[in-house]
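Student: So here's query.csv (CSV, C-alpha atoms (C1' of nucleotides)).
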```
chain,number,residue,atom,x,y,z
A,1,MET,CA,85.3,-160.9,-127.5
A,2,ASP,CA,84.1,-159.8,-124.2
A,3,ILE,CA,86.9,-160.7,-121.9
A,4,GLU,CA,90.3,-159.0,-122.6
A,5,THR,CA,92.3,-159.3,-119.4
A,6,PRO,CA,92.7,-162.0,-116.7
A,7,GLN,CA,91.0,-159.6,-114.4
A,8,ASP,CA,88.0,-159.4,-116.6
A,9,ALA,CA,87.8,-163.2,-116.4
A,10,ALA,CA,88.5,-163.4,-112.7
A,11,ASN,CA,85.6,-161.0,-111.8
A,12,HIS,CA,83.1,-161.9,-114.4
A,13,ALA,CA,79.7,-162.4,-112.7
A,14,VAL,CA,78.4,-165.1,-115.0
A,15,MET,CA,81.6,-167.1,-114.8
A,16,LEU,CA,81.6,-166.7,-111.1
A,17,ALA,CA,78.0,-168.1,-111.0
A,18,PHE,CA,79.0,-171.1,-113.0
A,19,GLY,CA,82.0,-171.7,-110.8
A,20,ARG,CA,79.7,-171.7,-107.8
A,21,LEU,CA,77.5,-174.3,-109.4
A,22,GLN,CA,80.5,-176.5,-109.8
A,23,GLY,CA,81.8,-175.6,-106.4
A,24,ALA,CA,78.6,-176.3,-104.6
A,25,ALA,CA,78.1,-179.5,-106.4
A,26,ASN,CA,81.6,-180.7,-105.8
A,27,ARG,CA,81.7,-179.9,-102.2
A,28,LEU,CA,78.3,-181.3,-101.5
A,29,GLU,CA,79.2,-184.5,-103.4
A,30,TYR,CA,82.3,-184.9,-101.4
A,31,LEU,CA,80.6,-184.1,-98.1
A,32,LEU,CA,77.5,-186.3,-98.6
A,33,GLY,CA,79.4,-188.9,-100.5
A,34,ARG,CA,81.8,-189.5,-97.6
A,35,ALA,CA,78.8,-189.9,-95.3
A,36,LEU,CA,77.3,-192.5,-97.5
A,37,GLU,CA,80.5,-194.4,-97.8
A,38,GLN,CA,81.1,-194.4,-94.1
A,39,GLU,CA,77.6,-195.1,-92.9
A,40,CYS,CA,76.3,-197.3,-95.7
A,41,GLY,CA,79.3,-198.7,-97.5
A,42,ILE,CA,78.4,-197.4,-100.9
A,43,THR,CA,79.7,-194.5,-102.9
A,44,HIS,CA,77.5,-191.6,-104.0
A,45,LEU,CA,77.5,-192.9,-107.6
A,46,GLU,CA,76.4,-196.3,-106.4
A,47,PHE,CA,73.6,-194.7,-104.4
A,48,GLU,CA,72.4,-192.8,-107.4
A,49,VAL,CA,72.5,-195.9,-109.5
A,50,LEU,CA,70.4,-197.8,-106.9
A,51,LEU,CA,68.0,-194.9,-107.0
A,52,ILE,CA,67.7,-195.2,-110.8
A,53,LEU,CA,67.1,-198.9,-110.6
A,54,ALA,CA,64.4,-198.3,-108.0
A,55,ARG,CA,62.7,-196.0,-110.4
A,56,ALA,CA,63.0,-198.4,-113.3
A,57,GLY,CA,61.2,-201.2,-111.5
A,58,GLU,CA,60.7,-204.7,-112.7
A,59,PRO,CA,62.1,-205.5,-116.1
A,60,GLY,CA,65.4,-203.9,-115.1
A,61,MET,CA,67.6,-201.5,-117.0
A,62,SER,CA,70.3,-201.9,-119.7
A,63,MET,CA,73.8,-200.7,-119.2
A,64,ARG,CA,73.3,-198.1,-121.8
A,65,ALA,CA,70.2,-196.7,-120.1
A,66,ILE,CA,71.9,-196.5,-116.8
A,67,SER,CA,74.9,-194.8,-118.4
A,68,GLN,CA,72.7,-192.1,-119.8
A,69,GLU,CA,71.0,-191.4,-116.5
A,70,GLN,CA,74.4,-190.4,-115.1
A,71,VAL,CA,77.4,-189.0,-116.9
A,72,LEU,CA,78.9,-192.4,-117.6
A,73,THR,CA,80.1,-194.5,-120.6
A,74,THR,CA,78.6,-197.9,-121.0
A,75,GLY,CA,81.9,-199.3,-119.8
A,76,GLY,CA,81.6,-197.2,-116.6
A,77,ALA,CA,78.1,-198.6,-116.1
A,78,THR,CA,79.3,-202.1,-116.5
A,79,ARG,CA,81.8,-201.6,-113.7
A,80,VAL,CA,79.5,-199.9,-111.3
A,81,ILE,CA,77.0,-202.7,-111.8
A,82,ASP,CA,79.8,-205.2,-111.4
A,83,ARG,CA,80.6,-203.8,-108.0
A,84,LEU,CA,77.0,-203.6,-106.9
A,85,GLU,CA,76.4,-207.2,-108.1
A,86,ARG,CA,79.5,-208.4,-106.1
A,87,GLU,CA,77.9,-206.8,-103.1
A,88,GLY,CA,74.7,-208.5,-103.7
A,89,LEU,CA,72.7,-205.2,-104.2
A,90,VAL,CA,71.9,-205.7,-107.8
A,91,ALA,CA,71.2,-208.8,-110.0
A,92,ARG,CA,71.8,-209.1,-113.8
A,93,THR,CA,69.4,-211.0,-116.0
A,94,GLN,CA,69.5,-211.6,-119.7
A,95,HIS,CA,67.3,-209.4,-121.8
A,96,PRO,CA,64.3,-211.5,-122.7
A,97,THR,CA,64.4,-211.0,-126.4
A,98,ASP,CA,67.8,-209.4,-127.2
A,99,LYS,CA,70.7,-211.7,-126.4
A,100,ARG,CA,73.1,-208.8,-126.6
A,101,GLY,CA,71.5,-207.0,-123.7
A,102,ARG,CA,71.5,-207.6,-120.0
A,103,LEU,CA,69.2,-206.0,-117.5
A,104,ALA,CA,70.2,-204.9,-114.0
A,105,LYS,CA,67.6,-204.8,-111.2
A,106,LEU,CA,67.6,-204.3,-107.5
A,107,THR,CA,67.8,-207.3,-105.2
A,108,PRO,CA,65.9,-207.3,-101.8
A,109,LYS,CA,69.2,-206.5,-100.1
A,110,GLY,CA,69.8,-203.7,-102.6
A,111,ALA,CA,66.4,-202.3,-101.8
A,112,GLU,CA,67.1,-202.5,-98.1
A,113,THR,CA,70.4,-200.7,-98.5
A,114,LEU,CA,68.8,-198.1,-100.6
A,115,VAL,CA,66.2,-197.3,-98.0
A,116,HIS,CA,68.8,-197.0,-95.3
A,117,ALA,CA,71.1,-194.9,-97.4
A,118,ALA,CA,68.3,-192.6,-98.5
A,119,ASN,CA,67.4,-191.8,-95.0
A,120,VAL,CA,71.0,-190.9,-94.2
A,121,HIS,CA,71.4,-189.0,-97.4
A,122,LEU,CA,68.1,-187.1,-96.9
A,123,GLU,CA,69.2,-185.9,-93.5
A,124,ASN,CA,72.4,-184.5,-95.0
A,125,ILE,CA,70.5,-182.9,-97.9
A,126,LYS,CA,68.3,-181.1,-95.6
A,127,ARG,CA,71.2,-179.8,-93.6
A,128,HIS,CA,73.6,-178.8,-96.4
A,129,PHE,CA,71.4,-178.2,-99.4
A,130,LEU,CA,68.0,-177.0,-98.1
A,131,ALA,CA,68.9,-175.2,-94.9
A,132,PRO,CA,71.3,-172.6,-96.5
A,133,LEU,CA,68.5,-171.5,-98.9
A,134,PRO,CA,65.9,-169.0,-97.8
A,135,GLU,CA,62.6,-170.7,-97.1
A,136,GLY,CA,60.8,-168.9,-100.0
A,137,HIS,CA,63.5,-169.7,-102.6
A,138,ARG,CA,63.6,-173.4,-102.4
A,139,GLU,CA,60.8,-174.3,-104.7
A,140,ARG,CA,61.9,-172.1,-107.5
A,141,PHE,CA,65.4,-173.1,-107.1
A,142,ALA,CA,64.5,-176.7,-107.5
A,143,GLU,CA,62.5,-175.9,-110.5
A,144,ASP,CA,65.4,-174.0,-112.1
A,145,LEU,CA,67.6,-177.0,-111.4
A,146,LYS,CA,65.2,-179.2,-113.2
A,147,LEU,CA,65.3,-176.9,-116.3
A,148,LEU,CA,69.1,-176.8,-116.2
A,149,SER,CA,69.4,-180.5,-115.7
A,150,HIS,CA,67.1,-181.3,-118.6
A,151,ALA,CA,68.7,-178.8,-120.9
A,152,ALA,CA,72.1,-180.3,-120.2
A,153,ARG,CA,70.8,-183.8,-120.8
A,154,ASP,CA,69.5,-182.7,-124.2
A,155,ALA,CA,72.7,-181.0,-125.1
A,156,LEU,CA,75.0,-183.9,-124.0
A,157,PRO,CA,75.6,-186.5,-126.7
A,158,PRO,CA,75.5,-190.0,-125.4
A,159,LEU,CA,78.9,-191.1,-124.1
A,160,LYS,CA,80.5,-193.9,-125.9
B,1,MET,CA,62.6,-192.2,-90.6
B,2,ASP,CA,60.8,-190.7,-93.5
B,3,ILE,CA,61.6,-193.1,-96.3
B,4,GLU,CA,60.4,-196.7,-95.9
B,5,THR,CA,60.4,-198.2,-99.4
B,6,PRO,CA,62.6,-197.9,-102.5
B,7,GLN,CA,59.7,-196.1,-104.2
B,8,ASP,CA,59.6,-193.5,-101.4
B,9,ALA,CA,63.3,-192.9,-102.2
B,10,ALA,CA,62.9,-192.9,-105.9
B,11,ASN,CA,60.2,-190.3,-106.0
B,12,HIS,CA,61.3,-188.1,-103.1
B,13,ALA,CA,61.1,-184.5,-104.3
B,14,VAL,CA,64.0,-183.2,-102.3
B,15,MET,CA,66.3,-186.1,-103.2
B,16,LEU,CA,65.3,-185.5,-106.8
B,17,ALA,CA,66.3,-181.9,-106.6
B,18,PHE,CA,69.7,-182.8,-105.1
B,19,GLY,CA,70.2,-185.3,-107.9
B,20,ARG,CA,69.5,-182.6,-110.4
B,21,LEU,CA,72.1,-180.4,-108.9
B,22,GLN,CA,74.6,-183.1,-109.4
B,23,GLY,CA,73.3,-184.1,-112.8
B,24,ALA,CA,73.3,-180.5,-114.1
B,25,ALA,CA,76.8,-179.9,-112.7
B,26,ASN,CA,78.2,-183.2,-114.0
B,27,ARG,CA,76.8,-182.8,-117.5
B,28,LEU,CA,77.8,-179.2,-117.8
B,29,GLU,CA,81.3,-180.0,-116.5
B,30,TYR,CA,81.6,-182.7,-119.1
B,31,LEU,CA,80.2,-180.6,-121.9
B,32,LEU,CA,82.1,-177.4,-121.2
B,33,GLY,CA,85.2,-179.3,-120.1
B,34,ARG,CA,85.5,-181.1,-123.4
B,35,ALA,CA,85.2,-177.8,-125.2
B,36,LEU,CA,88.0,-176.3,-123.2
B,37,GLU,CA,90.2,-179.3,-123.7
B,38,GLN,CA,89.7,-179.4,-127.5
B,39,GLU,CA,89.8,-175.7,-128.1
B,40,CYS,CA,92.3,-174.5,-125.5
B,41,GLY,CA,94.3,-177.6,-124.4
B,42,ILE,CA,93.4,-177.3,-120.7
B,43,THR,CA,91.0,-179.2,-118.5
B,44,HIS,CA,88.2,-177.6,-116.7
B,45,LEU,CA,90.0,-178.0,-113.4
B,46,GLU,CA,93.1,-176.3,-114.9
B,47,PHE,CA,90.9,-173.5,-116.1
B,48,GLU,CA,89.4,-173.0,-112.7
B,49,VAL,CA,92.9,-172.9,-111.2
B,50,LEU,CA,94.1,-170.3,-113.7
B,51,LEU,CA,91.0,-168.3,-112.7
B,52,ILE,CA,91.9,-168.6,-109.1
B,53,LEU,CA,95.4,-167.5,-109.7
B,54,ALA,CA,94.2,-164.5,-111.7
B,55,ARG,CA,92.1,-163.4,-108.7
B,56,ALA,CA,95.0,-163.9,-106.3
B,57,GLY,CA,97.3,-161.6,-108.2
B,58,GLU,CA,100.9,-160.8,-107.5
B,59,PRO,CA,102.4,-162.5,-104.5
B,60,GLY,CA,100.9,-165.8,-105.8
B,61,MET,CA,99.1,-168.6,-103.9
B,62,SER,CA,100.2,-171.5,-101.8
B,63,MET,CA,99.3,-175.1,-102.7
B,64,ARG,CA,97.1,-175.3,-99.7
B,65,ALA,CA,95.2,-172.1,-100.5
B,66,ILE,CA,94.6,-173.4,-104.1
B,67,SER,CA,93.5,-176.8,-102.8
B,68,GLN,CA,90.9,-175.1,-100.6
B,69,GLU,CA,89.4,-173.1,-103.4
B,70,GLN,CA,88.6,-176.3,-105.2
B,71,VAL,CA,87.8,-179.7,-103.8
B,72,LEU,CA,91.4,-180.9,-103.8
B,73,THR,CA,94.0,-182.2,-101.4
B,74,THR,CA,97.3,-180.4,-101.3
B,75,GLY,CA,98.8,-183.4,-103.2
B,76,GLY,CA,96.2,-182.8,-105.9
B,77,ALA,CA,97.1,-179.1,-106.1
B,78,THR,CA,100.8,-180.0,-106.4
B,79,ARG,CA,100.0,-182.1,-109.4
B,80,VAL,CA,97.7,-179.6,-111.1
B,81,ILE,CA,100.3,-176.9,-110.7
B,82,ASP,CA,103.0,-179.3,-111.9
B,83,ARG,CA,101.1,-179.8,-115.2
B,84,LEU,CA,100.4,-176.1,-115.6
B,85,GLU,CA,104.1,-175.3,-114.9
B,86,ARG,CA,105.2,-177.8,-117.5
B,87,GLU,CA,103.0,-176.1,-120.0
B,88,GLY,CA,104.5,-172.7,-119.0
B,89,LEU,CA,101.2,-171.3,-117.8
B,90,VAL,CA,102.2,-171.0,-114.2
B,91,ALA,CA,105.4,-170.2,-112.4
B,92,ARG,CA,106.4,-171.3,-108.9
B,93,THR,CA,108.4,-169.1,-106.6
B,94,GLN,CA,109.7,-169.6,-103.1
B,95,HIS,CA,107.6,-168.1,-100.4
B,96,PRO,CA,109.5,-164.9,-99.3
B,97,THR,CA,109.7,-165.7,-95.6
B,98,ASP,CA,108.6,-169.3,-95.2
B,99,LYS,CA,110.9,-171.7,-96.8
B,100,ARG,CA,108.3,-174.5,-96.6
B,101,GLY,CA,105.9,-172.7,-98.8
B,102,ARG,CA,105.9,-172.1,-102.5
B,103,LEU,CA,103.7,-169.7,-104.4
B,104,ALA,CA,102.2,-170.3,-107.8
B,105,LYS,CA,101.4,-167.4,-110.1
B,106,LEU,CA,100.2,-166.8,-113.6
B,107,THR,CA,102.8,-166.4,-116.4
B,108,PRO,CA,102.1,-164.0,-119.3
B,109,LYS,CA,101.4,-167.1,-121.4
B,110,GLY,CA,99.1,-168.4,-118.7
B,111,ALA,CA,97.2,-165.0,-118.6
B,112,GLU,CA,96.9,-165.2,-122.4
B,113,THR,CA,95.6,-168.7,-122.3
B,114,LEU,CA,93.2,-167.8,-119.6
B,115,VAL,CA,91.7,-164.9,-121.6
B,116,HIS,CA,91.2,-167.1,-124.6
B,117,ALA,CA,89.7,-170.0,-122.6
B,118,ALA,CA,87.4,-167.6,-120.7
B,119,ASN,CA,85.9,-166.4,-123.9
B,120,VAL,CA,85.3,-169.9,-125.2
B,121,HIS,CA,83.9,-170.9,-121.8
B,122,LEU,CA,81.7,-167.9,-121.4
B,123,GLU,CA,80.1,-168.5,-124.8
B,124,ASN,CA,79.2,-172.1,-123.6
B,125,ILE,CA,78.0,-170.9,-120.2
B,126,LYS,CA,75.6,-168.5,-121.9
B,127,ARG,CA,74.3,-171.2,-124.1
B,128,HIS,CA,74.0,-174.1,-121.7
B,129,PHE,CA,73.7,-172.4,-118.3
B,130,LEU,CA,72.0,-169.1,-118.8
B,131,ALA,CA,69.8,-169.8,-121.8
B,132,PRO,CA,67.8,-172.6,-120.2
B,133,LEU,CA,66.8,-170.4,-117.3
B,134,PRO,CA,63.9,-167.9,-117.6
B,135,GLU,CA,65.1,-164.4,-117.9
B,136,GLY,CA,63.7,-163.3,-114.5
B,137,HIS,CA,65.1,-166.2,-112.6
B,138,ARG,CA,68.8,-165.8,-113.4
B,139,GLU,CA,69.8,-163.3,-110.8
B,140,ARG,CA,68.1,-165.0,-107.9
B,141,PHE,CA,69.4,-168.4,-109.1
B,142,ALA,CA,73.0,-167.0,-109.0
B,143,GLU,CA,72.4,-165.6,-105.6
B,144,ASP,CA,71.1,-168.9,-104.2
B,145,LEU,CA,74.1,-170.7,-105.8
B,146,LYS,CA,76.4,-168.3,-103.9
B,147,LEU,CA,74.6,-169.1,-100.6
B,148,LEU,CA,74.9,-172.8,-101.3
B,149,SER,CA,78.5,-172.7,-102.4
B,150,HIS,CA,79.5,-170.7,-99.3
B,151,ALA,CA,77.6,-172.9,-96.9
B,152,ALA,CA,79.2,-176.0,-98.4
B,153,ARG,CA,82.6,-174.4,-98.1
B,154,ASP,CA,82.1,-173.7,-94.5
B,155,ALA,CA,80.8,-177.2,-93.8
B,156,LEU,CA,83.6,-179.0,-95.6
B,157,PRO,CA,86.7,-179.6,-93.5
B,158,PRO,CA,90.0,-178.9,-95.3
B,159,LEU,CA,91.1,-182.0,-97.3
B,160,LYS,CA,94.4,-183.4,-96.2
C,1,DA,C1',68.2,-216.7,-147.2
C,2,DG,C1',72.6,-214.2,-146.9
C,3,DG,C1',75.5,-210.5,-145.8
C,4,DG,C1',76.9,-206.2,-144.1
C,5,DG,C1',76.5,-202.4,-141.0
C,6,DA,C1',74.9,-201.1,-136.4
C,7,DA,C1',74.2,-201.9,-131.5
C,8,DA,C1',75.1,-203.8,-126.4
C,9,DT,C1',78.4,-205.2,-123.5
C,10,DT,C1',82.9,-206.1,-121.8
C,11,DT,C1',87.9,-205.2,-121.2
C,12,DG,C1',93.0,-203.4,-121.6
C,13,DC,C1',95.2,-199.1,-121.2
C,14,DA,C1',96.2,-194.6,-119.5
C,15,DC,C1',95.4,-191.0,-116.4
C,16,DG,C1',93.9,-188.1,-112.5
C,17,DC,C1',92.9,-187.8,-107.8
C,18,DG,C1',92.4,-189.1,-102.7
C,19,DC,C1',95.0,-191.0,-99.1
C,20,DA,C1',98.8,-191.4,-96.2
C,21,DC,C1',103.6,-191.0,-95.3
C,22,DG,C1',108.1,-188.6,-95.3
C,23,DG,C1',111.3,-184.8,-95.3
C,24,DG,C1',112.0,-180.0,-94.2
C,25,DC,C1',110.9,-175.9,-91.8
C,26,DA,C1',108.4,-172.6,-88.5
C,27,DC,C1',106.8,-171.4,-84.2
C,28,DC,C1',106.2,-171.7,-79.4
C,29,DC,C1',107.1,-173.0,-74.8
C,30,DG,C1',110.0,-174.0,-71.3
D,1,DC,C1',118.2,-170.8,-76.8
D,2,DG,C1',117.0,-175.6,-77.6
D,3,DG,C1',113.6,-179.1,-78.3
D,4,DG,C1',109.1,-180.6,-79.5
D,5,DT,C1',104.8,-180.1,-82.0
D,6,DG,C1',102.6,-179.1,-86.1
D,7,DC,C1',102.3,-177.3,-90.9
D,8,DC,C1',103.7,-177.3,-96.0
D,9,DC,C1',104.8,-179.7,-99.9
D,10,DG,C1',105.8,-183.6,-102.7
D,11,DT,C1',105.3,-188.7,-103.9
D,12,DG,C1',104.0,-193.9,-104.0
D,13,DC,C1',100.0,-196.5,-104.2
D,14,DG,C1',95.3,-197.8,-105.2
D,15,DC,C1',91.1,-197.0,-107.4
D,16,DG,C1',87.7,-195.4,-110.6
D,17,DT,C1',86.6,-193.7,-115.1
D,18,DG,C1',86.9,-192.3,-120.1
D,19,DC,C1',88.4,-194.2,-124.4
D,20,DA,C1',88.7,-197.4,-127.9
D,21,DA,C1',89.0,-202.1,-129.6
D,22,DA,C1',87.0,-206.7,-129.6
D,23,DT,C1',83.0,-209.9,-129.3
D,24,DT,C1',78.5,-211.3,-129.9
D,25,DT,C1',74.0,-210.5,-131.6
D,26,DC,C1',70.5,-208.1,-134.2
D,27,DC,C1',68.3,-206.1,-138.2
D,28,DC,C1',67.6,-204.5,-142.6
D,29,DC,C1',68.4,-204.7,-147.5
D,30,DT,C1',69.2,-207.1,-151.5
```
So that I can check it, write out the structure of this file as structure tokens.
Tutor:
Amino acid sequence: MDIETPQDAANHAVMLAFGRLQGAANRLEYLLGRALEQECGITHLEFEVLLILARAGEPGMSMRAISQEQVLTTGGATRVIDRLEREGLVARTQHPTDKRGRLAKLTPKGAETLVHAANVHLENIKRHFLAPLPEGHRERFAEDLKLLSHAARDALPPLK
Amino acid sequence: MDIETPQDAANHAVMLAFGRLQGAANRLEYLLGRALEQECGITHLEFEVLLILARAGEPGMSMRAISQEQVLTTGGATRVIDRLEREGLVARTQHPTDKRGRLAKLTPKGAETLVHAANVHLENIKRHFLAPLPEGHRERFAEDLKLLSHAARDALPPLK
DNA sequence: AGGGGAAATTTGCACGCGCACGGGCACCCG
DNA sequence: CGGGTGCCCGTGCGCGTGCAAATTTCCCCT
């Protein structure tokens, strides 16, 4: 037991650092998410999913695979893809060999929307994510983020 | 315009880095949040609010001030404090001079819960947040997080 | 070949939060 | 000193997501 009083907790450097990770991520998500919604008509989550589908390329991706790229249950993935499909940004196809599975892939309209949104998003990332960091810190910061993100992925059991 | 194809977007280093910030934060929040819920009976947000109240100390904090420490509307703050009050972890008092305002402060039970939760949380932070980072990177990483968090706070207009 | 357990997706339910509005109060200006 | 403007808090509504059950299909073992 390291922490014995509320003040110990309140001023703990490590806990503060973790709080700032959450704080930075939450504020940036809100800030940049609003911009995407207003200028492109998609939420930040939907943008990230389009990005994932762009990486996946041709055969498409299963609901489960999508859910594991984000912090989502398969049910959550179903509904995100539902919305994107309704908007015509994504198309579902049957899995070629497994009739249980369905694959989601970008439509041309989805690709177009993604490109537009990415330019909007990138501008905001530069302003709010890159600019505050000292020039010489950015590369190592990104590298550490990668380590953290991968470690967290490995530690997180697949959501139902 | 920098990005012209979905592939440009999918492989853009800066966008990838931002995605990893979100990914790491979301996964860690889920992972550590579940632990807090199961072992301490409070959500991660509730924990962060207890921490904020511990820092605030005696007079207490207004709903608005709480909402601005997190990414919350005042309505959201009202409801978080409602739950914490129902659990006996927080007490509301009238603002001494302004009859519109109410102040929330930790109860002894809240302080006790906070200390317990902080120890649980800290253990998980060490394992999932500190451990994946190389020894020599941690200090600068925390420093950069602080820069980012503060910049984002300054850029984010107060939520209604 | 048949059967049972596992897997992929979808869906009803519950819950938390942003949003926007309403009531009450403070402050300032005339 | 009175009225208007604006702030603080609380609440109804809508939406998105986790959770868990149900359905369909697959796959392995006997």
Student: Give me, as a Markdown table, each residue of chain C that comes within 12 Å of chain A, together with its shortest interatomic pair and the distance in Å at one decimal, counting only C-alpha atoms (C1' of nucleotides), with rows ordered by chain and rising residue number.
Tutor:
```
| residue | atom | partner | partner_atom | distance |
| --- | --- | --- | --- | --- |
| C:DA7 | C1' | A:Arg100 | CA | 8.5 |
| C:DA8 | C1' | A:Arg100 | CA | 5.4 |
| C:DT9 | C1' | A:Arg100 | CA | 7.1 |
| C:DT10 | C1' | A:Gly75 | CA | 7.2 |
| C:DT11 | C1' | A:Gly75 | CA | 8.5 |
| C:DG12 | C1' | A:Gly75 | CA | 12.0 |
| C:DG18 | C1' | A:Tyr30 | CA | 11.0 |
```
Student: Quick one, how far is CA of Ser149 in chain B from CA of Glu37 in chain A?
Tutor: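 Distance between the two atoms: 22.3 Å.
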Student: From the options B:Glu69, B:Arg34, B:Leu28, B:Met15, which residue's atoms come nearest to His150 in chain B, counting all atoms listed in the file?
Tutor: B:Glu69
Student: Show me the residues close to (75.1, -211.4, -146.0) - anything with an atom within 10 Å, counting all atoms listed in the file - and format the list as a list in words.
Tutor: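 All residues meeting the 10 Å criterion around (75.1, -211.4, -146.0) are DA1, DG2, DG3 and DG4 of chain C; DC29 and DT30 of chain D.
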Student: Within 8 Å of chain A, which residues of chain D show up when using all atoms listed in the file, listed as a ChimeraX atom specification?
Tutor: /D:17-18,24-26
Student: CA of Ile66 in chain A to CA of Leu53 in chain A: how many Å, to one decimal?
Tutor: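 Answer for the CA of Ile66 in chain A to CA of Leu53 in chain A separation: 8.2 Å.
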Student: Only residues of chain A matter here; which ones have an atom within 7 Å of chain B, counting all atoms listed in the file? Give them as a short mmCIF file (atom, residue, chain, number, x, y, z; two decimals) with C-alpha atoms, in the frame of the given file.
Tutor:
```cif
data_model
loop_
_atom_site.label_atom_id
_atom_site.label_comp_id
_atom_site.auth_asym_id
_atom_site.auth_seq_id
_atom_site.Cartn_x
_atom_site.Cartn_y
_atom_site.Cartn_z
CA MET A 1 85.30 -160.90 -127.50
CA ASP A 2 84.10 -159.80 -124.20
CA ILE A 3 86.90 -160.70 -121.90
CA GLU A 4 90.30 -159.00 -122.60
CA THR A 5 92.30 -159.30 -119.40
CA PRO A 6 92.70 -162.00 -116.70
CA GLN A 7 91.00 -159.60 -114.40
CA ALA A 9 87.80 -163.20 -116.40
CA ALA A 10 88.50 -163.40 -112.70
CA MET A 15 81.60 -167.10 -114.80
CA ALA A 17 78.00 -168.10 -111.00
CA ARG A 20 79.70 -171.70 -107.80
CA LEU A 21 77.50 -174.30 -109.40
CA GLN A 22 80.50 -176.50 -109.80
CA GLY A 23 81.80 -175.60 -106.40
CA ALA A 24 78.60 -176.30 -104.60
CA ALA A 25 78.10 -179.50 -106.40
CA ASN A 26 81.60 -180.70 -105.80
CA ARG A 27 81.70 -179.90 -102.20
CA LEU A 28 78.30 -181.30 -101.50
CA LEU A 31 80.60 -184.10 -98.10
CA LEU A 51 68.00 -194.90 -107.00
CA ALA A 54 64.40 -198.30 -108.00
CA ARG A 55 62.70 -196.00 -110.40
CA GLN A 70 74.40 -190.40 -115.10
CA VAL A 71 77.40 -189.00 -116.90
CA ALA A 111 66.40 -202.30 -101.80
CA LEU A 114 68.80 -198.10 -100.60
CA VAL A 115 66.20 -197.30 -98.00
CA ALA A 118 68.30 -192.60 -98.50
CA ASN A 119 67.40 -191.80 -95.00
CA LEU A 122 68.10 -187.10 -96.90
CA HIS A 128 73.60 -178.80 -96.40
CA PHE A 129 71.40 -178.20 -99.40
CA PRO A 132 71.30 -172.60 -96.50
CA LEU A 133 68.50 -171.50 -98.90
CA PHE A 141 65.40 -173.10 -107.10
CA ALA A 142 64.50 -176.70 -107.50
CA ASP A 144 65.40 -174.00 -112.10
CA LEU A 145 67.60 -177.00 -111.40
CA LYS A 146 65.20 -179.20 -113.20
CA LEU A 147 65.30 -176.90 -116.30
CA LEU A 148 69.10 -176.80 -116.20
CA SER A 149 69.40 -180.50 -115.70
CA ALA A 151 68.70 -178.80 -120.90
CA ALA A 152 72.10 -180.30 -120.20
CA ARG A 153 70.80 -183.80 -120.80
CA LEU A 156 75.00 -183.90 -124.00
#
```
Student: Provide the CA of Arg92 in chain B to CA of Ala104 in chain B distance in Å, to one decimal place.
Tutor: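 Result for CA of Arg92 in chain B versus CA of Ala104 in chain B: 4.5 Å, one decimal.
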Student: Using all atoms listed in the file, which residues sit within 12 Å of DC1 in chain D once same-chain residues fewer than 2 positions away are excluded, as a list in words?
Tutor: DC29 and DG30 of chain C; DG3 of chain D
Student: Using the file's own x, y and z axes, what box holds all listed atoms of range 8-21 of chain D with 5 Å on each side, keeping edges along x, y and z, and what are its centre and edge lengths in Å to one decimal, as JSON?
Tutor:
```
{"center_x": 96.2, "center_y": -189.7, "center_z": -112.8, "size_x": 29.2, "size_y": 34.8, "size_z": 43.6}
```
Student: Counting all atoms listed in the file, what is within 12 Å of DG23 in chain C, bar same-chain residues fewer than 5 positions away, as JSON, numbers by chain?
Tutor: {"B": [100], "D": [8, 9, 10, 11]}
